[in-house]
Structures are given as C-alpha cells and as structure tokens.
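Student: Just one file: input31.pdb, with PDB, C-alpha atoms, pLDDT in the B column.
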```pdb
ATOM      1  CA  MET A  13       0.000   0.000   0.000  1.00 85.00           C
ATOM      2  CA  SER A  14       1.396   3.402  -0.956  1.00 94.00           C
ATOM      3  CA  LEU A  15       1.630   6.213   1.585  1.00 96.00           C
ATOM      4  CA  MET A  16      -1.240   8.093  -0.020  1.00 96.00           C
ATOM      5  CA  GLU A  17      -3.359   4.925   0.006  1.00 96.00           C
ATOM      6  CA  GLN A  18      -2.574   4.566   3.723  1.00 96.00           C
ATOM      7  CA  TRP A  19      -3.537   8.204   4.230  1.00 97.00           C
ATOM      8  CA  ARG A  20      -6.859   7.792   2.420  1.00 97.00           C
ATOM      9  CA  ASP A  21      -7.563   4.657   4.439  1.00 97.00           C
ATOM     10  CA  ALA A  22      -6.908   6.514   7.703  1.00 97.00           C
ATOM     11  CA  LEU A  23      -9.116   9.418   6.602  1.00 97.00           C
ATOM     12  CA  ASN A  24     -11.937   7.062   5.724  1.00 96.00           C
ATOM     13  CA  THR A  25     -11.737   4.784   8.755  1.00 97.00           C
ATOM     14  CA  LEU A  26     -10.067   6.336  11.822  1.00 97.00           C
ATOM     15  CA  PRO A  27      -8.603   9.831  11.251  1.00 98.00           C
ATOM     16  CA  LEU A  28      -7.227  10.292  14.761  1.00 98.00           C
ATOM     17  CA  VAL A  29      -3.622  11.407  15.318  1.00 98.00           C
ATOM     18  CA  ALA A  30      -1.920  10.269  18.536  1.00 98.00           C
ATOM     19  CA  ILE A  31       0.441  13.039  19.667  1.00 98.00           C
ATOM     20  CA  LEU A  32       3.204  11.516  21.805  1.00 98.00           C
ATOM     21  CA  ARG A  33       4.691  14.682  23.253  1.00 98.00           C
ATOM     22  CA  GLY A  34       7.495  13.813  25.660  1.00 98.00           C
ATOM     23  CA  VAL A  35       7.801  10.146  24.691  1.00 98.00           C
ATOM     24  CA  LYS A  36      11.286   8.664  25.083  1.00 98.00           C
ATOM     25  CA  PRO A  37      12.863   6.237  22.606  1.00 98.00           C
ATOM     26  CA  GLU A  38      12.877   3.440  25.177  1.00 97.00           C
ATOM     27  CA  GLU A  39       9.087   3.807  25.551  1.00 97.00           C
ATOM     28  CA  ALA A  40       8.200   4.439  21.914  1.00 98.00           C
ATOM     29  CA  GLU A  41       7.734   0.898  20.639  1.00 98.00           C
ATOM     30  CA  ALA A  42       5.528  -0.267  23.508  1.00 98.00           C
ATOM     31  CA  VAL A  43       3.382   2.862  23.273  1.00 98.00           C
ATOM     32  CA  GLY A  44       3.172   2.488  19.493  1.00 98.00           C
ATOM     33  CA  ASP A  45       2.065  -1.132  19.819  1.00 98.00           C
ATOM     34  CA  ALA A  46      -0.634  -0.097  22.305  1.00 98.00           C
ATOM     35  CA  LEU A  47      -1.954   2.569  19.924  1.00 98.00           C
ATOM     36  CA  ILE A  48      -2.116   0.135  17.007  1.00 98.00           C
ATOM     37  CA  GLU A  49      -3.848  -2.468  19.158  1.00 98.00           C
ATOM     38  CA  ALA A  50      -6.447   0.165  20.086  1.00 98.00           C
ATOM     39  CA  GLY A  51      -6.986   0.973  16.403  1.00 98.00           C
ATOM     40  CA  PHE A  52      -4.992   4.169  15.775  1.00 98.00           C
ATOM     41  CA  LYS A  53      -3.389   4.593  12.355  1.00 98.00           C
ATOM     42  CA  ILE A  54      -1.462   7.887  12.663  1.00 98.00           C
ATOM     43  CA  VAL A  55       1.299   8.509  15.212  1.00 98.00           C
ATOM     44  CA  GLU A  56       3.132  11.806  15.790  1.00 98.00           C
ATOM     45  CA  VAL A  57       6.268  12.396  17.860  1.00 98.00           C
ATOM     46  CA  PRO A  58       6.699  16.154  18.451  1.00 98.00           C
ATOM     47  CA  LEU A  59      10.247  17.374  17.938  1.00 98.00           C
ATOM     48  CA  ASN A  60      10.349  18.898  21.431  1.00 97.00           C
ATOM     49  CA  SER A  61      10.359  15.348  22.826  1.00 98.00           C
ATOM     50  CA  PRO A  62      13.586  13.641  24.001  1.00 98.00           C
ATOM     51  CA  ASP A  63      15.617  12.355  21.000  1.00 98.00           C
ATOM     52  CA  PRO A  64      12.540  12.531  18.751  1.00 98.00           C
ATOM     53  CA  PHE A  65      14.091  11.358  15.501  1.00 98.00           C
ATOM     54  CA  LYS A  66      15.258   8.144  17.174  1.00 98.00           C
ATOM     55  CA  SER A  67      11.716   7.473  18.393  1.00 98.00           C
ATOM     56  CA  ILE A  68      10.323   8.204  14.924  1.00 98.00           C
ATOM     57  CA  GLN A  69      12.838   5.874  13.293  1.00 98.00           C
ATOM     58  CA  MET A  70      12.001   3.091  15.755  1.00 98.00           C
ATOM     59  CA  LEU A  71       8.255   3.533  15.353  1.00 98.00           C
ATOM     60  CA  ALA A  72       8.385   3.744  11.559  1.00 98.00           C
ATOM     61  CA  SER A  73      10.482   0.580  11.396  1.00 97.00           C
ATOM     62  CA  ARG A  74       8.320  -1.342  13.859  1.00 97.00           C
ATOM     63  CA  LEU A  75       4.872  -0.287  12.700  1.00 96.00           C
ATOM     64  CA  GLY A  76       5.528  -0.365   8.956  1.00 91.00           C
ATOM     65  CA  GLU A  77       2.298  -0.198   6.976  1.00 92.00           C
ATOM     66  CA  ARG A  78       0.190  -0.551  10.128  1.00 96.00           C
ATOM     67  CA  ALA A  79       0.528   3.184  10.833  1.00 97.00           C
ATOM     68  CA  ILE A  80       1.636   6.479   9.353  1.00 98.00           C
ATOM     69  CA  VAL A  81       4.452   7.749  11.569  1.00 98.00           C
ATOM     70  CA  GLY A  82       5.970  11.198  11.622  1.00 98.00           C
ATOM     71  CA  ALA A  83       6.923  14.331  13.489  1.00 98.00           C
ATOM     72  CA  GLY A  84       5.062  17.192  15.084  1.00 98.00           C
ATOM     73  CA  THR A  85       6.306  20.685  15.959  1.00 98.00           C
ATOM     74  CA  VAL A  86       8.250  20.761  12.681  1.00 98.00           C
ATOM     75  CA  LEU A  87       9.390  24.364  12.337  1.00 98.00           C
ATOM     76  CA  LYS A  88      12.439  24.214  10.041  1.00 98.00           C
ATOM     77  CA  VAL A  89      13.122  22.929   6.546  1.00 98.00           C
ATOM     78  CA  GLY A  90      16.166  21.054   7.869  1.00 98.00           C
ATOM     79  CA  ASP A  91      13.938  19.107  10.246  1.00 98.00           C
ATOM     80  CA  VAL A  92      11.770  18.009   7.314  1.00 98.00           C
ATOM     81  CA  GLU A  93      14.862  16.600   5.625  1.00 98.00           C
ATOM     82  CA  THR A  94      15.904  14.739   8.784  1.00 98.00           C
ATOM     83  CA  LEU A  95      12.359  13.422   9.199  1.00 98.00           C
ATOM     84  CA  ALA A  96      12.396  11.959   5.688  1.00 98.00           C
ATOM     85  CA  ALA A  97      15.862  10.496   6.238  1.00 98.00           C
ATOM     86  CA  VAL A  98      14.763   8.493   9.314  1.00 98.00           C
ATOM     87  CA  GLY A  99      11.687   7.086   7.599  1.00 98.00           C
ATOM     88  CA  GLY A 100       9.042   9.530   8.770  1.00 98.00           C
ATOM     89  CA  GLN A 101       5.978   9.870   6.579  1.00 98.00           C
ATOM     90  CA  ILE A 102       3.963  12.805   7.919  1.00 98.00           C
ATOM     91  CA  CYS A 103       5.140  16.333   8.715  1.00 98.00           C
ATOM     92  CA  ILE A 104       2.968  18.128  11.272  1.00 98.00           C
ATOM     93  CA  SER A 105       3.513  21.729  12.378  1.00 98.00           C
ATOM     94  CA  PRO A 106       1.914  24.126  14.882  1.00 97.00           C
ATOM     95  CA  ASN A 107       2.066  26.959  12.337  1.00 98.00           C
ATOM     96  CA  THR A 108       1.770  27.747   8.631  1.00 98.00           C
ATOM     97  CA  ASN A 109       5.296  27.795   7.186  1.00 98.00           C
ATOM     98  CA  VAL A 110       5.104  27.652   3.403  1.00 98.00           C
ATOM     99  CA  ASP A 111       8.736  26.532   3.069  1.00 98.00           C
ATOM    100  CA  VAL A 112       8.188  23.605   5.442  1.00 98.00           C
ATOM    101  CA  ILE A 113       5.024  22.594   3.580  1.00 98.00           C
ATOM    102  CA  LYS A 114       6.714  22.712   0.187  1.00 98.00           C
ATOM    103  CA  LYS A 115       9.754  20.755   1.390  1.00 98.00           C
ATOM    104  CA  ALA A 116       7.515  18.073   2.878  1.00 98.00           C
ATOM    105  CA  LYS A 117       5.725  17.627  -0.445  1.00 98.00           C
ATOM    106  CA  GLU A 118       9.006  17.724  -2.375  1.00 98.00           C
ATOM    107  CA  LEU A 119      10.224  14.799  -0.244  1.00 98.00           C
ATOM    108  CA  GLY A 120       7.005  12.809  -0.659  1.00 98.00           C
ATOM    109  CA  LEU A 121       5.683  13.315   2.862  1.00 98.00           C
ATOM    110  CA  ILE A 122       2.162  14.115   3.999  1.00 98.00           C
ATOM    111  CA  SER A 123       2.068  17.806   4.913  1.00 98.00           C
ATOM    112  CA  PHE A 124      -0.116  18.705   7.884  1.00 98.00           C
ATOM    113  CA  PRO A 125       0.390  22.304   9.089  1.00 98.00           C
ATOM    114  CA  ALA A 126      -1.718  24.266  11.561  1.00 98.00           C
ATOM    115  CA  PHE A 127      -3.915  27.309  11.028  1.00 98.00           C
ATOM    116  CA  PHE A 128      -5.992  29.605  13.187  1.00 98.00           C
ATOM    117  CA  THR A 129      -7.320  32.036  10.570  1.00 97.00           C
ATOM    118  CA  PRO A 130      -8.702  31.685   7.046  1.00 97.00           C
ATOM    119  CA  THR A 131      -5.629  33.535   5.760  1.00 97.00           C
ATOM    120  CA  GLU A 132      -3.350  30.847   7.207  1.00 98.00           C
ATOM    121  CA  ALA A 133      -5.629  28.074   5.972  1.00 98.00           C
ATOM    122  CA  PHE A 134      -5.530  29.300   2.389  1.00 98.00           C
ATOM    123  CA  ALA A 135      -1.761  29.879   2.499  1.00 98.00           C
ATOM    124  CA  ALA A 136      -1.272  26.283   3.661  1.00 98.00           C
ATOM    125  CA  ILE A 137      -3.618  24.864   1.031  1.00 98.00           C
ATOM    126  CA  GLU A 138      -1.967  26.867  -1.761  1.00 98.00           C
ATOM    127  CA  ALA A 139       1.455  25.587  -0.652  1.00 98.00           C
ATOM    128  CA  GLY A 140       0.263  21.998  -1.019  1.00 98.00           C
ATOM    129  CA  ALA A 141      -0.889  20.883   2.446  1.00 98.00           C
ATOM    130  CA  ASP A 142      -2.695  17.531   2.466  1.00 98.00           C
ATOM    131  CA  ALA A 143      -4.673  18.469   5.583  1.00 98.00           C
ATOM    132  CA  ILE A 144      -4.718  21.345   8.055  1.00 98.00           C
ATOM    133  CA  LYS A 145      -5.158  21.362  11.797  1.00 98.00           C
ATOM    134  CA  LEU A 146      -7.118  23.993  13.676  1.00 98.00           C
ATOM    135  CA  PHE A 147      -4.844  24.856  16.583  1.00 97.00           C
ATOM    136  CA  PRO A 148      -5.509  25.622  19.354  1.00 97.00           C
ATOM    137  CA  ALA A 149      -9.017  24.296  18.810  1.00 97.00           C
ATOM    138  CA  GLU A 150     -10.146  25.060  22.347  1.00 96.00           C
ATOM    139  CA  LEU A 151      -9.815  28.776  21.576  1.00 96.00           C
ATOM    140  CA  ALA A 152     -11.681  28.672  18.249  1.00 96.00           C
ATOM    141  CA  GLY A 153     -14.249  26.130  19.395  1.00 97.00           C
ATOM    142  CA  PRO A 154     -16.885  24.522  17.179  1.00 97.00           C
ATOM    143  CA  LYS A 155     -18.369  27.948  16.377  1.00 97.00           C
ATOM    144  CA  GLY A 156     -15.039  29.187  15.051  1.00 97.00           C
ATOM    145  CA  LEU A 157     -14.566  26.063  12.955  1.00 98.00           C
ATOM    146  CA  LYS A 158     -18.085  26.338  11.547  1.00 97.00           C
ATOM    147  CA  ALA A 159     -17.460  29.929  10.457  1.00 97.00           C
ATOM    148  CA  MET A 160     -14.140  29.107   8.771  1.00 97.00           C
ATOM    149  CA  ASN A 161     -15.457  25.945   7.128  1.00 95.00           C
ATOM    150  CA  ALA A 162     -17.886  28.143   5.218  1.00 95.00           C
ATOM    151  CA  VAL A 163     -14.916  29.144   3.033  1.00 97.00           C
ATOM    152  CA  ILE A 164     -12.314  26.374   3.434  1.00 97.00           C
ATOM    153  CA  PRO A 165     -12.550  23.890   0.517  1.00 96.00           C
ATOM    154  CA  ARG A 166     -14.224  20.628   1.522  1.00 93.00           C
ATOM    155  CA  THR A 167     -11.425  18.796  -0.305  1.00 95.00           C
ATOM    156  CA  THR A 168      -8.995  19.790   2.466  1.00 97.00           C
ATOM    157  CA  PRO A 169      -9.502  17.796   5.688  1.00 98.00           C
ATOM    158  CA  VAL A 170      -9.576  19.938   8.837  1.00 98.00           C
ATOM    159  CA  PHE A 171      -8.538  18.395  12.158  1.00 98.00           C
ATOM    160  CA  PRO A 172      -9.165  20.275  15.418  1.00 98.00           C
ATOM    161  CA  VAL A 173      -6.230  19.885  17.825  1.00 98.00           C
ATOM    162  CA  GLY A 174      -6.136  21.002  21.451  1.00 97.00           C
ATOM    163  CA  GLY A 175      -8.612  20.133  24.180  1.00 96.00           C
ATOM    164  CA  ILE A 176     -10.128  17.193  22.293  1.00 98.00           C
ATOM    165  CA  GLU A 177     -11.851  14.534  24.400  1.00 97.00           C
ATOM    166  CA  PRO A 178     -14.078  11.572  23.498  1.00 97.00           C
ATOM    167  CA  THR A 179     -17.027  13.620  24.771  1.00 97.00           C
ATOM    168  CA  ASN A 180     -16.568  16.694  22.541  1.00 97.00           C
ATOM    169  CA  MET A 181     -15.648  15.197  19.160  1.00 98.00           C
ATOM    170  CA  GLY A 182     -19.278  15.154  18.089  1.00 97.00           C
ATOM    171  CA  GLU A 183     -19.582  18.942  18.397  1.00 97.00           C
ATOM    172  CA  TYR A 184     -16.714  19.423  15.957  1.00 98.00           C
ATOM    173  CA  LEU A 185     -17.833  16.680  13.581  1.00 97.00           C
ATOM    174  CA  SER A 186     -21.215  18.372  13.279  1.00 97.00           C
ATOM    175  CA  VAL A 187     -19.542  21.508  11.874  1.00 97.00           C
ATOM    176  CA  GLY A 188     -17.227  19.811   9.406  1.00 97.00           C
ATOM    177  CA  ALA A 189     -14.213  18.381  11.243  1.00 98.00           C
ATOM    178  CA  ARG A 190     -12.745  15.364   9.431  1.00 98.00           C
ATOM    179  CA  GLY A 191     -10.539  14.043  12.222  1.00 98.00           C
ATOM    180  CA  PHE A 192      -8.655  15.032  15.364  1.00 98.00           C
ATOM    181  CA  GLY A 193      -5.214  15.364  16.854  1.00 98.00           C
ATOM    182  CA  ILE A 194      -5.096  14.119  20.444  1.00 98.00           C
ATOM    183  CA  GLY A 195      -2.318  14.899  22.897  1.00 97.00           C
ATOM    184  CA  SER A 196      -2.306  14.368  26.653  1.00 97.00           C
ATOM    185  CA  SER A 197      -5.736  12.744  26.552  1.00 98.00           C
ATOM    186  CA  VAL A 198      -4.112   9.771  24.818  1.00 98.00           C
ATOM    187  CA  TYR A 199      -0.509  10.032  26.067  1.00 98.00           C
ATOM    188  CA  LYS A 200       1.388  12.035  28.615  1.00 97.00           C
ATOM    189  CA  PRO A 201       4.913  11.376  29.911  1.00 97.00           C
ATOM    190  CA  GLY A 202       4.879   8.577  32.441  1.00 94.00           C
ATOM    191  CA  ASP A 203       1.879   6.766  30.955  1.00 97.00           C
ATOM    192  CA  THR A 204       2.425   3.024  30.610  1.00 97.00           C
ATOM    193  CA  ALA A 205       1.496   1.211  27.415  1.00 98.00           C
ATOM    194  CA  GLU A 206      -1.531  -0.209  29.245  1.00 98.00           C
ATOM    195  CA  ILE A 207      -2.747   3.269  30.179  1.00 98.00           C
ATOM    196  CA  VAL A 208      -2.209   4.492  26.617  1.00 98.00           C
ATOM    197  CA  TYR A 209      -4.213   1.554  25.273  1.00 98.00           C
ATOM    198  CA  GLU A 210      -7.181   2.319  27.533  1.00 98.00           C
ATOM    199  CA  LYS A 211      -7.112   6.042  26.711  1.00 98.00           C
ATOM    200  CA  ALA A 212      -6.758   5.373  22.977  1.00 98.00           C
ATOM    201  CA  LYS A 213      -9.530   2.772  23.005  1.00 98.00           C
ATOM    202  CA  ALA A 214     -11.898   5.316  24.561  1.00 98.00           C
ATOM    203  CA  PHE A 215     -11.344   7.608  21.553  1.00 98.00           C
ATOM    204  CA  VAL A 216     -11.764   4.763  19.061  1.00 98.00           C
ATOM    205  CA  THR A 217     -14.996   3.670  20.711  1.00 98.00           C
ATOM    206  CA  ALA A 218     -16.309   7.248  20.741  1.00 98.00           C
ATOM    207  CA  TRP A 219     -15.392   7.735  17.072  1.00 97.00           C
ATOM    208  CA  GLN A 220     -17.082   4.512  16.043  1.00 96.00           C
ATOM    209  CA  GLY A 221     -20.170   5.491  18.013  1.00 96.00           C
ATOM    210  CA  LEU A 222     -20.338   8.854  16.281  1.00 95.00           C
ATOM    211  CA  LYS A 223     -19.706   7.446  12.818  1.00 83.00           C
ATOM    212  CA  GLY A 224     -21.513   4.138  13.178  1.00 70.00           C
TER     213      GLY A 224
END
```
Just give me the structure as structure tokens.

Tutor:
Amino acid sequence: MSLMEQWRDALNTLPLVAILRGVKPEEAEAVGDALIEAGFKIVEVPLNSPDPFKSIQMLASRLGERAIVGAGTVLKVGDVETLAAVGGQICISPNTNVDVIKKAKELGLISFPAFFTPTEAFAAIEAGADAIKLFPAELAGPKGLKAMNAVIPRTTPVFPVGGIEPTNMGEYLSVGARGFGIGSSVYKPGDTAEIVYEKAKAFVTAWQGLKG
C-alpha cells in the first residue's frame, strides 16, 4: 500500500492522530504497539520530545504499513529533511510555514500544518498541504470552525487539535471536522502502554459510536 493509500484509508476509517509529546525512545515501541492495538493509524512524535528522531525511526520501522508515523512541531526545513531520512511519513507543524510545507511535499511526505485564521488556511492549502489542523481548537471552538469551514474547501480535511476529548468530538464533527489530533488525553509522559491503550480505546470507541 502506498503512503497516499494509507492516508486515504486513515481518513476514511479512523482519522485520529496520537500526539506523543514527551515520549522517550525506550518507551516508543511499547506505546506504538498499544496505539495500534487500540486501532490508531497515525502517530506523531513532536520534535520537542527527548531524542525525537530516534523514536520516529524506531516507530516507523516497527509499525511499517500498520501506521503512518511522523513528526510534530516541525518548524524548520532542515527538520523536514531529517524526518524523511529516518523514515518519517507525515510532517505536522503548529504553524503555517510555506517553506516547510513545500519541502515536505518535495520529499514525498504528507504535509499537515496548523492554522488559526482563514488567511493561514488558504496559504497552507496553496502551498500543497494535504490536511490542516485547527490549533488551538479550544480557543476557536466549534463555532469558530463552523465559520471558517464556510470558506475552506471541503477537499482539504480539517482536524481540530487542542482540548479534544471523546465527549466533545461530536460537536466538531457536526460543523465539518474530518478528524482530530489528540495529545495528553491519549498520552502524557509517564503513561504506561496499558494506560495508553485504555485512553486510545476510549477515543476509538467514541469515534465509532459517532460514525456508526
């Protein structure tokens, strides 16, 4: 399965991104296994985590076609190049940096920048972003997303990120969200693989209930 086929499969079945901020390389594989067992298909290691590229390399090697693995908090073009070199597949940023977006696409990665205004959303889309994340979603809220989705092309998936819980996904889905990025509600430093599995499974169950 090609990367874009994997991406379309994730979008169509379980478009939830597990954000493993603070994960250490020695924990990465066990946490990754727990996420896959729960049903997740997209895993992000933010670059402000300890030795993040090592964790990404380990996860990408271990999970293979079972998950799309990549980096978050990608702020520099050089980090995109390192991400591709270690086998990362998705480039996620907390901002709209056109150079980072273009480099990600040049290297065959999925580009997933953040936006908070329509101006940023359109800049990201024009640069080639495959999806955009509304960040921080807890500030914009469902009302903010509904207003911006009136102009954002439906062909570009929008994922709220920040403050997402199993209990509030439905509010965002009702105004056009296509998926979600989930941070401490699925993993926080110190969580065991067993804890991560239970937290991840709660999101999968909620998603299936909303979409079923």

Student: Report as a tab-separated table: every residue of range 69-182 of chain A with an atom at most 10 Å from range 35-39 of chain A, its closest pair of atoms, and their distance in Å to one decimal, counting all atoms listed in the file, with rows sorted by chain and ascending residue number.

Tutor:
```
residue	atom	partner	partner_atom	distance
A:Gln69	CA	A:Pro37	CA	9.3
A:Met70	CA	A:Pro37	CA	7.6
A:Leu71	CA	A:Pro37	CA	9.0
```

Student: Which residue gives the smallest distance to Phe124 in chain A among A:Ala96, A:Val170, A:Ala79, A:Ala149, with all atoms listed in the file counted?

Tutor: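 The closest residue to Phe124 in chain A is A:Val170.
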
Student: Can you list what the PyMOL selection byres ((chain A and resi 133-140) around 10) grabs from this structure, as number ranges by chain?

Tutor: A: 107-118, 122-132, 141-146, 160, 163-165, 167-168, 170

Student: Residues at most 10 Å from Asn180 in chain A, counting all atoms listed in the file, excluding those fewer than 4 positions away in the same chain, as a ChimeraX atom specification?

Tutor: /A:154,175-176,184-185,218

Student: Could you list, as a PyMOL selection string, every residue matched by the PyMOL selection byres ((chain A and resi 75) around 10) in this structure?

Tutor: chain A and resi 41+44-45+48+53+55+70-74+76-81

Student: Quick one: pull the distance between CA of Leu151 in chain A and CA of Val216 in chain A, Å, one decimal.

Tutor: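 Rounded to one decimal, the two atoms are 24.2 Å apart.
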
Student: Care to translate the PyMOL selection byres ((chain A and resi 198-210) around 6) into actual residues of this file, as a list in words?

Tutor: Leu32, Gly34, Ala42, Val43, Ala46, Leu47, Ala50, Gly195, Ser196, Ser197, Lys211, Ala212 and Lys213 of chain A

Student: Using all atoms listed in the file, which residue out of A:Ala97, A:Ile54, A:Leu15, A:Leu87 lies closest to Val29 in chain A?

Tutor: A:Ile54

Student: Draw an axis-aligned box tight on the listed atoms of range 115-130 of chain A, then pad every side by 6 Å and write out centre and edge lengths in Å to one decimal as JSON.

Tutor:
```
{"center_x": 0.8, "center_y": 22.4, "center_z": 5.4, "size_x": 30.9, "size_y": 31.2, "size_z": 27.6}
```

Student: Tell me which protein, DNA and RNA residues are within 10 Å of Glu183 in chain A, counting all atoms listed in the file, leaving out same-chain ones fewer than 4 positions away, and put them as a list in words.

Tutor: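 Listed by chain and then number, they are Gly153, Pro154, Lys155, Thr179, Val187, Gly188 and Ala189 of chain A.
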
Student: What gap, in Å, lies between CA of Asp91 in chain A and CA of Met13 in chain A?

Tutor: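 Separation between CA of Asp91 in chain A and CA of Met13 in chain A: 25.8 Å.
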
Student: Hey, what's within 12 Å of Thr94 in chain A if we count only C-alpha atoms and toss same-chain stuff fewer than 4 positions away? As a list of chain:residue names, please?

Tutor: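 Near Thr94 in chain A, the qualifying residues are A:Leu59, A:Pro64, A:Phe65, A:Lys66, A:Ile68, A:Gln69, A:Gly82, A:Ala83, A:Val86, A:Lys88, A:Val89, A:Gly90, A:Val98, A:Gly99, A:Gly100, A:Gln101, A:Cys103, A:Lys115, A:Ala116, A:Leu119, A:Leu121.
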
Student: Hey, can you check how far CA of Leu26 in chain A sits from CA of Thr217 in chain A?

Tutor: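 Going from CA of Leu26 in chain A over to CA of Thr217 in chain A, I get 10.5 Å.
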
Student: In terms of the shortest atom-to-atom distance over all atoms listed in the file, which of A:Met181, A:Glu17, A:Ser61, A:Thr25 is closest to Gly224 in chain A?

Tutor: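 Of A:Met181, A:Glu17, A:Ser61, A:Thr25, the one nearest Gly224 in chain A is A:Thr25, counting all atoms listed in the file.
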
Student: From the list A:Phe215, A:Ile104, A:Asn24, A:Arg33, which residue is nearest Pro62 in chain A when using only C-alpha atoms?

Tutor: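 Closest to Pro62 in chain A, using only C-alpha atoms: A:Arg33.
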
Student: So, with all atoms listed in the file as the atoms that count, which of A:Ala22, A:Leu28, A:Met16, A:Leu95 lies closest to Ile194 in chain A?

Tutor: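 Using all atoms listed in the file, Ile194 in chain A sits closest to A:Leu28.
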
Student: For Ala214 in chain A, which residue out of A:Gly193, A:Ala40, A:Val57, A:Pro178 is the nearest one, using all atoms listed in the file?

Tutor: A:Pro178
